[in-house]
Each structure stands twice: as C-alpha cells, then as structure tokens.
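Coordinates from query.txt are shown below (compact mmCIF, C-alpha atoms and all ligand atoms).
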# COMPACT_ATOMS: atom_id res chain seq x y z
CA MET X 1 14.45 -10.64 23.09
CA ALA X 2 12.51 -12.75 20.64
CA GLU X 3 14.14 -13.65 17.35
CA ASN X 4 12.44 -13.51 14.01
CA ARG X 5 13.47 -15.72 11.10
CA SER X 6 11.05 -14.74 8.35
CA GLU X 7 13.62 -15.21 5.58
CA ALA X 8 15.17 -18.64 5.21
CA GLY X 9 18.91 -18.44 5.79
CA ALA X 10 18.87 -14.77 6.79
CA GLN X 11 20.53 -13.45 9.93
CA PRO X 12 18.07 -13.53 12.83
CA VAL X 13 16.54 -10.11 13.46
CA HIS X 14 15.66 -9.11 16.99
CA GLU X 15 12.14 -8.22 17.86
CA ILE X 16 12.29 -4.82 19.51
CA TYR X 17 8.57 -4.12 19.81
CA ARG X 18 5.99 -6.64 20.97
CA LEU X 19 2.43 -6.53 19.74
CA SER X 20 1.15 -9.17 22.13
CA ASN X 21 -1.46 -7.89 24.56
CA LYS X 22 -1.33 -4.44 22.93
CA ARG X 23 -4.27 -2.33 21.78
CA VAL X 24 -3.50 -2.07 18.06
CA TRP X 25 -5.44 0.36 15.88
CA VAL X 26 -5.68 -0.40 12.16
CA ALA X 27 -6.66 2.99 10.75
CA GLY X 28 -8.41 2.35 7.44
CA HIS X 29 -9.51 -1.21 8.24
CA ARG X 30 -12.05 -1.29 5.42
CA GLY X 31 -9.46 -0.67 2.71
CA MET X 32 -7.59 -3.41 0.91
CA VAL X 33 -4.42 -2.98 3.02
CA GLY X 34 -6.28 -2.34 6.27
CA SER X 35 -8.42 -5.46 5.93
CA ALA X 36 -5.32 -7.54 5.10
CA LEU X 37 -3.67 -6.12 8.22
CA VAL X 38 -6.66 -7.08 10.35
CA ARG X 39 -6.51 -10.63 8.93
CA ARG X 40 -2.77 -10.81 9.60
CA LEU X 41 -2.97 -9.32 13.11
CA LYS X 42 -5.45 -12.01 14.15
CA ARG X 43 -2.38 -14.28 14.29
CA GLU X 44 -0.79 -11.98 16.88
CA ASN X 45 -2.00 -12.02 20.43
CA CYS X 46 -3.20 -8.41 20.35
CA HIS X 47 -6.45 -6.49 20.72
CA ILE X 48 -7.37 -5.06 17.30
CA LEU X 49 -9.12 -1.68 17.27
CA THR X 50 -11.04 -0.30 14.29
CA ALA X 51 -13.06 2.88 13.74
CA THR X 52 -15.75 3.35 11.13
CA ARG X 53 -16.01 6.69 9.35
CA GLN X 54 -19.09 7.45 11.45
CA GLU X 55 -17.07 6.90 14.64
CA ALA X 56 -14.07 8.95 13.48
CA ASP X 57 -13.68 10.78 10.19
CA LEU X 58 -9.89 10.82 9.96
CA THR X 59 -9.86 14.09 8.00
CA ARG X 60 -11.32 15.82 11.11
CA GLN X 61 -8.88 16.49 13.90
CA GLN X 62 -11.36 16.63 16.79
CA GLU X 63 -13.04 13.37 15.81
CA VAL X 64 -9.67 11.61 15.65
CA GLU X 65 -8.59 12.95 19.04
CA ARG X 66 -11.89 12.13 20.70
CA TRP X 67 -11.88 8.57 19.37
CA MET X 68 -8.25 7.97 20.32
CA GLU X 69 -8.80 9.36 23.83
CA LYS X 70 -11.64 6.90 24.28
CA GLU X 71 -9.99 3.83 22.72
CA LYS X 72 -6.39 4.41 23.84
CA PRO X 73 -4.45 2.58 21.12
CA GLU X 74 -0.88 1.67 22.02
CA ALA X 75 0.22 0.85 18.45
CA VAL X 76 -1.13 2.32 15.20
CA PHE X 77 -0.98 1.07 11.61
CA LEU X 78 -1.83 4.16 9.56
CA SER X 79 -3.17 2.45 6.44
CA ALA X 80 -6.08 4.86 5.90
CA ALA X 81 -5.74 6.86 2.68
CA LYS X 82 -7.56 8.06 -0.37
CA VAL X 83 -6.10 5.82 -3.07
CA GLY X 84 -6.74 5.25 -6.75
CA GLY X 85 -5.21 4.35 -10.09
CA ILE X 86 -3.48 6.59 -12.57
CA LEU X 87 -6.63 8.26 -13.96
CA ALA X 88 -8.23 8.94 -10.57
CA ASN X 89 -4.98 10.50 -9.31
CA ASP X 90 -4.55 12.56 -12.45
CA SER X 91 -8.10 13.91 -12.51
CA HIS X 92 -8.66 14.52 -8.74
CA PRO X 93 -5.30 15.85 -7.46
CA ALA X 94 -6.87 18.21 -4.90
CA GLU X 95 -8.77 15.37 -3.20
CA PHE X 96 -5.71 13.11 -3.14
CA LEU X 97 -3.49 15.87 -1.72
CA TYR X 98 -5.94 17.33 0.80
CA GLN X 99 -7.45 14.15 2.23
CA ASN X 100 -4.14 12.35 2.58
CA LEU X 101 -2.47 15.37 4.19
CA MET X 102 -5.32 15.67 6.70
CA ILE X 103 -5.36 11.96 7.57
CA ALA X 104 -1.58 11.84 8.09
CA SER X 105 -1.46 15.09 10.11
CA ASN X 106 -4.41 14.25 12.33
CA VAL X 107 -3.47 10.67 13.16
CA ILE X 108 0.27 11.30 13.61
CA ASN X 109 -0.21 14.39 15.79
CA ALA X 110 -2.92 12.74 17.90
CA SER X 111 -0.72 9.64 18.31
CA HIS X 112 1.99 11.88 19.75
CA LYS X 113 -0.47 13.66 22.05
CA MET X 114 -1.95 10.38 23.33
CA GLY X 115 1.46 8.77 23.90
CA VAL X 116 1.10 6.00 21.28
CA GLU X 117 4.11 3.69 21.71
CA LYS X 118 4.61 2.87 18.04
CA LEU X 119 3.12 4.02 14.72
CA LEU X 120 3.68 2.73 11.22
CA PHE X 121 2.79 5.15 8.41
CA LEU X 122 2.07 3.74 4.99
CA GLY X 123 2.97 5.41 1.68
CA SER X 124 3.67 4.23 -1.83
CA SER X 125 6.48 3.87 -4.36
CA CYS X 126 5.17 6.96 -6.20
CA ILE X 127 6.95 9.16 -3.60
CA TYR X 128 10.16 8.74 -5.61
CA PRO X 129 11.34 11.01 -8.44
CA LYS X 130 9.96 10.11 -11.86
CA LEU X 131 13.46 9.46 -13.19
CA ALA X 132 15.03 7.86 -10.09
CA PRO X 133 17.80 5.31 -10.85
CA GLN X 134 16.46 1.73 -10.75
CA PRO X 135 16.09 -0.24 -8.57
CA ILE X 136 15.12 2.71 -6.37
CA THR X 137 16.83 2.83 -3.00
CA GLU X 138 15.30 4.66 -0.04
CA ASP X 139 17.79 7.52 -0.28
CA ALA X 140 16.40 8.57 -3.69
CA LEU X 141 13.60 10.43 -1.90
CA LEU X 142 13.45 14.14 -2.83
CA THR X 143 16.31 13.97 -5.33
CA GLY X 144 14.26 15.03 -8.37
CA PRO X 145 10.84 16.02 -9.81
CA LEU X 146 7.87 13.72 -9.20
CA GLU X 147 5.64 11.92 -11.72
CA PRO X 148 2.96 14.54 -12.58
CA THR X 149 0.00 12.09 -12.75
CA ASN X 150 0.24 11.39 -9.00
CA GLU X 151 2.03 14.41 -7.62
CA GLY X 152 -0.72 15.31 -5.12
CA TYR X 153 -0.78 11.84 -3.58
CA ALA X 154 3.02 11.65 -3.53
CA ILE X 155 3.43 15.05 -1.84
CA ALA X 156 0.94 14.03 0.88
CA LYS X 157 2.80 10.76 1.45
CA ILE X 158 6.18 12.51 1.56
CA ALA X 159 4.69 14.89 4.15
CA GLY X 160 3.64 11.83 6.19
CA ILE X 161 7.20 10.46 6.13
CA LYS X 162 8.51 13.85 7.20
CA LEU X 163 5.95 14.07 10.02
CA CYS X 164 7.11 10.70 11.38
CA GLN X 165 10.75 11.79 11.15
CA SER X 166 10.05 15.15 12.78
CA TYR X 167 8.03 13.71 15.68
CA ARG X 168 10.83 11.17 16.22
CA HIS X 169 13.44 13.94 16.13
CA GLN X 170 11.63 16.49 18.29
CA TYR X 171 9.65 14.30 20.71
CA GLY X 172 11.36 10.90 20.51
CA CYS X 173 8.23 9.18 19.12
CA ASP X 174 8.79 5.69 17.71
CA PHE X 175 7.05 6.45 14.40
CA ILE X 176 8.23 4.61 11.27
CA SER X 177 7.23 4.62 7.58
CA ALA X 178 6.91 1.88 4.97
CA MET X 179 6.54 2.42 1.22
CA PRO X 180 4.86 -0.50 -0.53
CA THR X 181 4.98 -1.01 -4.26
CA ASN X 182 1.73 -1.38 -6.30
CA LEU X 183 -0.48 -3.74 -4.29
CA TYR X 184 -3.29 -6.05 -5.35
CA GLY X 185 -5.45 -8.78 -3.84
CA PRO X 186 -8.76 -9.45 -2.10
CA GLY X 187 -10.85 -6.36 -1.40
CA ASP X 188 -9.40 -4.44 -4.36
CA ASN X 189 -11.37 -1.74 -6.20
CA PHE X 190 -12.66 -3.07 -9.54
CA ASP X 191 -14.22 0.18 -10.75
CA LEU X 192 -12.71 0.73 -14.19
CA GLU X 193 -12.40 4.53 -13.87
CA THR X 194 -10.71 4.64 -10.46
CA SER X 195 -8.96 1.29 -10.03
CA HIS X 196 -5.33 0.29 -10.36
CA VAL X 197 -4.17 -1.76 -13.33
CA ILE X 198 -4.47 -5.31 -11.93
CA PRO X 199 -8.14 -5.16 -10.87
CA ALA X 200 -8.92 -3.27 -14.09
CA LEU X 201 -7.28 -5.94 -16.25
CA ILE X 202 -8.92 -8.79 -14.32
CA ARG X 203 -12.35 -7.27 -14.82
CA LYS X 204 -11.86 -6.18 -18.43
CA THR X 205 -10.38 -9.54 -19.43
CA HIS X 206 -13.11 -11.50 -17.67
CA GLU X 207 -15.82 -9.39 -19.34
CA ALA X 208 -14.13 -9.70 -22.74
CA MET X 209 -13.96 -13.47 -22.35
CA THR X 210 -17.50 -14.00 -21.08
CA GLY X 211 -18.82 -11.50 -23.66
CA GLY X 212 -17.11 -13.40 -26.50
CA LYS X 213 -15.10 -10.30 -27.52
CA LYS X 214 -12.08 -10.60 -29.82
CA GLU X 215 -10.20 -7.57 -28.45
CA LEU X 216 -9.01 -6.34 -25.07
CA VAL X 217 -7.94 -2.67 -24.86
CA ILE X 218 -5.31 -1.68 -22.29
CA TRP X 219 -4.48 1.93 -21.39
CA GLY X 220 -1.31 3.66 -22.55
CA SER X 221 1.42 2.02 -24.61
CA GLY X 222 1.76 -1.20 -22.61
CA THR X 223 5.50 -0.51 -22.24
CA PRO X 224 5.70 0.97 -18.70
CA ARG X 225 7.07 -1.50 -16.17
CA ARG X 226 5.48 -2.07 -12.78
CA GLU X 227 6.33 -4.07 -9.68
CA PHE X 228 3.48 -5.77 -7.79
CA LEU X 229 3.02 -7.29 -4.36
CA HIS X 230 0.10 -9.30 -3.01
CA VAL X 231 -1.59 -7.42 -0.16
CA ASN X 232 -1.24 -10.41 2.21
CA ASP X 233 2.53 -10.26 1.70
CA ALA X 234 2.42 -6.50 2.27
CA ALA X 235 0.48 -6.91 5.54
CA ASP X 236 2.98 -9.53 6.70
CA ALA X 237 5.87 -7.16 5.92
CA LEU X 238 4.20 -4.30 7.81
CA VAL X 239 3.67 -6.40 10.94
CA HIS X 240 7.29 -7.55 10.66
CA LEU X 241 8.56 -3.95 10.41
CA MET X 242 6.44 -2.91 13.38
CA LYS X 243 8.26 -5.53 15.43
CA VAL X 244 11.85 -5.20 14.22
CA TYR X 245 12.38 -1.69 12.82
CA SER X 246 12.81 1.62 14.61
CA ASP X 247 14.54 4.35 12.63
CA GLU X 248 14.01 7.58 10.71
CA GLU X 249 14.35 6.33 7.17
CA HIS X 250 11.30 4.79 5.49
CA VAL X 251 11.54 1.18 4.21
CA ASN X 252 10.61 -0.04 0.72
CA VAL X 253 8.19 -2.98 0.69
CA GLY X 254 8.27 -4.78 -2.64
CA SER X 255 8.92 -7.97 -4.53
CA GLY X 256 12.08 -6.71 -6.26
CA GLU X 257 10.77 -7.79 -9.69
CA ASP X 258 8.81 -5.97 -12.38
CA LEU X 259 7.25 -6.60 -15.80
CA THR X 260 5.71 -4.53 -18.59
CA ILE X 261 2.00 -3.74 -18.57
CA LEU X 262 1.64 -5.73 -21.81
CA GLU X 263 3.30 -8.76 -20.17
CA LEU X 264 0.95 -8.34 -17.22
CA ALA X 265 -2.06 -8.20 -19.56
CA GLN X 266 -0.86 -11.38 -21.30
CA LEU X 267 -0.48 -13.14 -17.95
CA VAL X 268 -3.98 -12.09 -16.86
CA ALA X 269 -5.36 -13.25 -20.24
CA LEU X 270 -3.72 -16.65 -19.71
CA ILE X 271 -5.21 -16.99 -16.22
CA VAL X 272 -8.68 -15.87 -17.31
CA GLY X 273 -8.56 -17.90 -20.52
CA PHE X 274 -8.97 -14.99 -22.96
CA GLU X 275 -7.48 -15.74 -26.36
CA GLY X 276 -8.32 -12.55 -28.28
CA GLU X 277 -6.03 -9.69 -29.26
CA ILE X 278 -4.59 -7.21 -26.76
CA THR X 279 -4.48 -3.65 -28.13
CA THR X 280 -3.40 -0.32 -26.62
CA ASP X 281 -5.17 3.03 -26.13
CA SER X 282 -2.63 5.86 -26.43
CA SER X 283 -5.18 8.48 -25.32
CA LYS X 284 -4.68 7.20 -21.75
CA PRO X 285 -1.54 8.08 -19.72
CA ASP X 286 1.43 5.74 -19.22
CA GLY X 287 2.56 7.47 -16.04
CA THR X 288 6.07 6.80 -14.89
CA MET X 289 7.92 4.34 -17.16
CA ARG X 290 9.49 2.35 -14.34
CA LYS X 291 9.42 2.33 -10.54
CA LEU X 292 11.14 -0.83 -9.42
CA MET X 293 12.19 -0.47 -5.81
CA SER X 294 15.25 -1.94 -4.20
CA ALA X 295 14.25 -4.63 -1.71
CA ASN X 296 17.70 -4.79 -0.09
CA LYS X 297 16.77 -2.98 3.08
CA ILE X 298 13.71 -5.05 3.96
CA ARG X 299 15.56 -8.27 3.05
CA ALA X 300 18.34 -7.29 5.43
CA LEU X 301 15.64 -6.81 8.06
CA GLY X 302 14.69 -10.47 7.58
CA TRP X 303 11.63 -10.36 5.32
CA THR X 304 10.89 -11.64 1.80
CA PRO X 305 7.57 -12.07 -0.02
CA SER X 306 6.02 -15.52 -0.36
CA ILE X 307 3.28 -15.15 -3.00
CA PRO X 308 4.52 -15.31 -6.63
CA LEU X 309 2.70 -13.00 -9.07
CA ARG X 310 1.03 -15.78 -11.07
CA GLN X 311 -0.37 -17.44 -7.94
CA GLY X 312 -1.45 -14.07 -6.54
CA LEU X 313 -3.24 -13.19 -9.79
CA GLN X 314 -5.02 -16.54 -9.81
CA GLU X 315 -6.24 -15.91 -6.28
CA ALA X 316 -7.26 -12.35 -7.11
CA TYR X 317 -9.25 -13.59 -10.12
CA ALA X 318 -10.98 -16.21 -7.97
CA TRP X 319 -11.84 -13.51 -5.43
CA PHE X 320 -13.23 -11.28 -8.18
CA ARG X 321 -15.46 -14.07 -9.48
CA GLU X 322 -16.81 -14.84 -6.02
CA ASN X 323 -17.42 -11.19 -5.15
CA GLN X 324 -18.47 -9.66 -8.47
CA GLN X 325 -21.78 -8.42 -7.15
O1 LIG X 401 -2.06 0.86 -11.63
P1 LIG X 401 -2.08 2.18 -12.27
O2 LIG X 401 -3.42 2.84 -12.41
O3 LIG X 401 -1.15 3.16 -11.48
O4 LIG X 401 -1.49 2.05 -13.77
P2 LIG X 401 0.34 3.74 -11.48
C1 LIG X 401 -0.31 1.37 -14.03
C2 LIG X 401 -0.06 1.30 -15.52
O5 LIG X 401 -1.02 0.42 -16.11
C3 LIG X 401 -0.19 2.63 -16.27
C4 LIG X 401 -1.56 1.02 -17.28
O6 LIG X 401 0.85 2.71 -17.25
C5 LIG X 401 -1.54 2.52 -16.94
O7 LIG X 401 -1.65 3.30 -18.12
N1 LIG X 401 -2.91 0.47 -17.55
C6 LIG X 401 -3.23 -0.29 -18.64
C7 LIG X 401 -4.01 0.63 -16.82
N2 LIG X 401 -4.53 -0.58 -18.64
C8 LIG X 401 -5.04 -0.03 -17.51
C9 LIG X 401 -6.36 0.00 -16.95
O8 LIG X 401 -7.33 -0.53 -17.52
N3 LIG X 401 -6.50 0.65 -15.76
C10 LIG X 401 -5.45 1.24 -15.12
N4 LIG X 401 -5.67 1.85 -13.93
N5 LIG X 401 -4.20 1.26 -15.65
C11 LIG X 401 -0.69 4.78 -9.33
C12 LIG X 401 -0.55 6.15 -8.74
O9 LIG X 401 0.22 4.82 -10.38
O10 LIG X 401 -0.31 3.70 -8.53
C13 LIG X 401 -0.71 6.21 -7.28
O11 LIG X 401 -1.37 7.02 -9.44
C14 LIG X 401 -0.12 5.05 -6.53
O12 LIG X 401 -0.19 7.40 -6.78
C15 LIG X 401 -0.49 3.74 -7.15
O13 LIG X 401 1.27 5.16 -6.37
C16 LIG X 401 0.15 2.55 -6.49
O14 LIG X 401 1.32 2.69 -11.06
O15 LIG X 401 0.68 4.44 -12.74
Translate this file's structure into structure tokens.
Ligand code: GFB
Amino acid sequence: MAENRSEAGAQPVHEIYRLSNKRVWVAGHRGMVGSALVRRLKRENCHILTATRQEADLTRQQEVERWMEKEKPEAVFLSAAKVGGILANDSHPAEFLYQNLMIASNVINASHKMGVEKLLFLGSSCIYPKLAPQPITEDALLTGPLEPTNEGYAIAKIAGIKLCQSYRHQYGCDFISAMPTNLYGPGDNFDLETSHVIPALIRKTHEAMTGGKKELVIWGSGTPRREFLHVNDAADALVHLMKVYSDEEHVNVGSGEDLTILELAQLVALIVGFEGEITTDSSKPDGTMRKLMSANKIRALGWTPSIPLRQGLQEAYAWFRENQQ
C-alpha cells in the first residue's frame, strides 16, 4: 500500500483507494469547487470525466443514468450543488432544498446502480445545529435545530450524508461525505445579491476604493465569526480523503481558525488598499453567530491546509481584478 504524508510529522496514512488509471467524474466541474478539483486531479494519473448541463441535467434522473451508463465513471466527486450566500439561501429556500435533494439522490442512486467503486459527497458546515458547541465535531450532526437562513440547503446536504451512509449500510457501497467550511478562491461568484461574504467584500471594497468612496457597508452586525478555506486547499483535502478514508461518518474540512466578519472586512480593506470607514447594515441577516469546525479528524487522517487566509485573499483579489469582466 502507498503511504501518504501530507502533514509534516503526522503518522503515515495508508492509501486505500487508488485514483491512478481510473475514470473519475467531477460532477459540477464548472463550479468553484468542481473546477478546483479538476485542476487538482490533473496531478493524479487519472482520466477526468465532466458533463455539461446539456449532456446531463443532474436534477433529472434519466439524464444522469443515461450519461453514467455511457461514460462509466469508476470514482465520483459529487461537487455539483446549488450554492449561494446568506441572502440567496434565505430568499430561495425551495430551490436550494429541491435542487440539492435531486442532485444528491440522482447521482448517489445511479452510482450504486452502475457499480461506482467510490463516491465522495460534498456538503457544508451549515449542516450543524445553529447552537452546536464550538469547535464543532462531526458527532454534533442532528443534535439540535438548524440555522433558519439556510435550513433548506442544510436539510438537502444532511439527506446526502444519510444517502451515502444508507447505501454503504445496505449495499456495501464505498460512499463517503466531506463537509467543507466556507470556501473562497478563483471562480467564485461575485454577484452581490447571491454571493458569499468574501467575494462580496472583495468586490464592494474594490469598487469603494476605485470610486473614491469614504464608506464601505457590510451586512449584519459584523460580529458573527466565520472560518474560511481556500478552494485549492479544499480540493486537495477531498482528493486526500478519496484515497485514505472509507467510513460512514462524514469528515469536516476546515482550517480550524475563524475571525469576525468585521475583522475579515478590515483584512480585505488592507489588501485592497481602502482606507475609508467600515459601517454595518443591520437590516441584513447575521445568520449563525459561529460555526467553527473541529479539524481533529482530518488532521488525524494526515491532512492540513497550506494557504493562510491573508495569502488566499490576496490571490482571490488578484483573480477578481483579472476576471472582472
Ligand atoms: O458568506 P455568507 O453569505 O454565508 O455570510 P453564511 C457570512 C456572514 O457575512 C453573514 C456577513 O453574517 C453576513 O451577514 N456579510 C457581511 C455578508 N457583508 C456581507 C456581504 O456583502 N455579502 C454576504 N453574502 N455576506 C452560507 C449559507 O452561510 O454559507 C450556506 O447560507 C452555506 O448554506 C454557505 O453553508 C457556506 O456563512 O452565513
């Protein structure tokens, strides 16, 4: 068996699944996580499969089955999802619940039917109870009420975890789940109504600076804390888990550190070079006050992140400037 030593000084972790020479489907390859996975998988000796929405609409069972029968993936990264920031989730709960339930059900069931060797399902830290003890360990799942602003998305992602567990239990499928924290990086959505906080702050701060404005308005109180991970780190962690992990329980994928939204806004302002005042808009929701995940499990599996927040934000800002149009 091959050994993996991703974390300096950590116990070697055995590779139990090999990607080399495999047909590996990245479902959702046009999304921020999917495209990072494609970039990362190019370093593995595997055959990467992708499907456009025209080739297979993942919310439609027959299209998924037809495409998978034709392409015969052996491993699947299920990174396709309808995602969005706090306002998009809060205002479109039916879309977030329905589309994510359909995608998870169709791809997981078809993967079982087609005999896929290994599947990794991707969720998010919002699956945990709103008031879960911090840092949140994996066993906090389903121990309390969810954060209302993203309940639809969270329920769909919890259903995906349960599908993987049930197909493992009933049919012996090697299906695993990973729950990343808030992600950011190249390919992010910079639309101010639907984006997450980092792309929103990068764009707003850049526009305030170039427009010579004296004020930058952030949503909510600025006091909620959030943990962030660069999407390249996330993709690396997901490939690592695919190789070394095979069990029922999902695995948190995070940096293990968080900061307040105001501190984040100040850091973005520093990077962009905006020197005006940062003010808050209390008409917008705060969402959950804290969702720092425990990183103990993934560290024990031999993985740690490598991109510090400041460096990641600098890179994300550079990407935004190059791709603004
Ligand atoms: O990133 P975000 O939209 O998502 O917001 P969540 C994080 C925090 O940043 C909230 C504040 O407290 C926002 O009020 N914030 C401040 C802003 N200024 C802005 C801004 O200009 N835009 C945005 N978007 N936020 C989502 C969930 O939760 O995160 C999803 O809805 C998912 O289900 C995802 O889990 C990762 O961290 O609150």
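Nearest to X:Phe175 of all the residues X:Tyr245, X:Tyr317, X:Trp25, X:Trp67 is X:Tyr245, counting all atoms listed in the file.
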Selected residue of minimal separation from X:Ala265 among X:Gly144, X:Pro186, X:Gly123, X:Gly222, counting all atoms listed in the file: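 Ranking X:Gly144, X:Pro186, X:Gly123, X:Gly222 by distance to X:Ala265, first place goes to X:Gly222.
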Shell of 7 Å around ligand LIG 401 (chain X) (only C-alpha atoms and all ligand atoms), written as an MDAnalysis selection string: chainID X and resid 83:87 89 124:126 149:150 153:154 181:183 192 194:198 200:201 218:220 222 224 226 261 284:288
Stretch 122-238 of chain X near stretch 77-81 of chain X within 12 Å: what's each residue's closest atom pair and its distance in Å to one decimal, counting all atoms listed in the file, ordered by chain then ascending residue number, as JSON lines?
{"residue": "X:Leu122", "atom": "CA", "partner": "X:Ser79", "partner_atom": "CA", "distance": 5.6}
{"residue": "X:Gly123", "atom": "CA", "partner": "X:Ser79", "partner_atom": "CA", "distance": 8.3}
{"residue": "X:Ser124", "atom": "CA", "partner": "X:Ala81", "partner_atom": "CA", "distance": 10.8}
{"residue": "X:Tyr153", "atom": "CA", "partner": "X:Ala81", "partner_atom": "CA", "distance": 9.4}
{"residue": "X:Ala154", "atom": "CA", "partner": "X:Ala81", "partner_atom": "CA", "distance": 11.8}
{"residue": "X:Ala156", "atom": "CA", "partner": "X:Ala81", "partner_atom": "CA", "distance": 10.0}
{"residue": "X:Lys157", "atom": "CA", "partner": "X:Ala81", "partner_atom": "CA", "distance": 9.5}
{"residue": "X:Gly160", "atom": "CA", "partner": "X:Leu78", "partner_atom": "CA", "distance": 10.0}
{"residue": "X:Ile161", "atom": "CA", "partner": "X:Leu78", "partner_atom": "CA", "distance": 11.5}
{"residue": "X:Cys164", "atom": "CA", "partner": "X:Leu78", "partner_atom": "CA", "distance": 11.2}
{"residue": "X:Phe175", "atom": "CA", "partner": "X:Phe77", "partner_atom": "CA", "distance": 10.1}
{"residue": "X:Ile176", "atom": "CA", "partner": "X:Phe77", "partner_atom": "CA", "distance": 9.9}
{"residue": "X:Ser177", "atom": "CA", "partner": "X:Leu78", "partner_atom": "CA", "distance": 9.3}
{"residue": "X:Ala178", "atom": "CA", "partner": "X:Leu78", "partner_atom": "CA", "distance": 10.1}
{"residue": "X:Met179", "atom": "CA", "partner": "X:Ser79", "partner_atom": "CA", "distance": 11.0}
{"residue": "X:Pro180", "atom": "CA", "partner": "X:Ser79", "partner_atom": "CA", "distance": 11.0}
{"residue": "X:Val231", "atom": "CA", "partner": "X:Ser79", "partner_atom": "CA", "distance": 12.0}
{"residue": "X:Ala234", "atom": "CA", "partner": "X:Ser79", "partner_atom": "CA", "distance": 11.3}
{"residue": "X:Ala235", "atom": "CA", "partner": "X:Ser79", "partner_atom": "CA", "distance": 10.1}
{"residue": "X:Leu238", "atom": "CA", "partner": "X:Phe77", "partner_atom": "CA", "distance": 8.4}
Closest to X:Arg43 among X:Phe190, X:Glu215, X:Asn109, X:Leu19, using only C-alpha atoms?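 Among X:Phe190, X:Glu215, X:Asn109, X:Leu19, it is X:Leu19 that comes nearest to X:Arg43.
Using only C-alpha atoms, the smallest distance between any of X:Met289, X:Val38, X:Glu65, X:Ser306 and X:Glu147 comes from X:Met289.
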Across X:Met68, X:Leu292, X:Leu163, X:Leu229, the smallest distance to X:Thr260, with all atoms listed in the file counted, is shown by X:Leu292
From the set X:Asp188, X:Asp258, X:Asp174, X:Glu315, which residue has the shortest atom-to-atom contact distance to X:Ile108, counting only C-alpha atoms?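 Among the listed residues, X:Asp174 lies closest to X:Ile108.
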Hey, can you check how far atom CA of X:Pro199 sits from atom CA of X:Phe274?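 The value is 15.6 Å.
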Leaving out X:Pro73 and any residue of its chain fewer than 3 positions from it, which residues lie within 8 Å of it when counting only C-alpha atoms, given as a PyMOL selection string? chain X and resi 22-25+49+68+76+116
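A straight line drawn from atom CA of X:Ser105 to atom CA of X:Ala27 is 13.2 Å long.
Taking atom CA of X:Lys214 and atom CA of X:Pro308 as the two end points, the separation is 28.9 Å.
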Mind giving me the axis-aligned box for stretch 54-63 of chain X with 5 Å on every side, centre plus edges in Å to one decimal, as JSON?
{"center_x": -14.0, "center_y": 11.8, "center_z": 12.4, "size_x": 20.2, "size_y": 19.7, "size_z": 18.8}
Could you pull the residues within 10 Å of X:Leu41, counting all atoms listed in the file, minus those fewer than 4 positions along the same chain, as a list in words?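 Counting only the stated atoms, we get Leu19, Ser20, Val24, Val26, Ser35, Ala36, Leu37, Asn45, Cys46, His47, Ile48, Ala235, Asp236 and Val239 of chain X.
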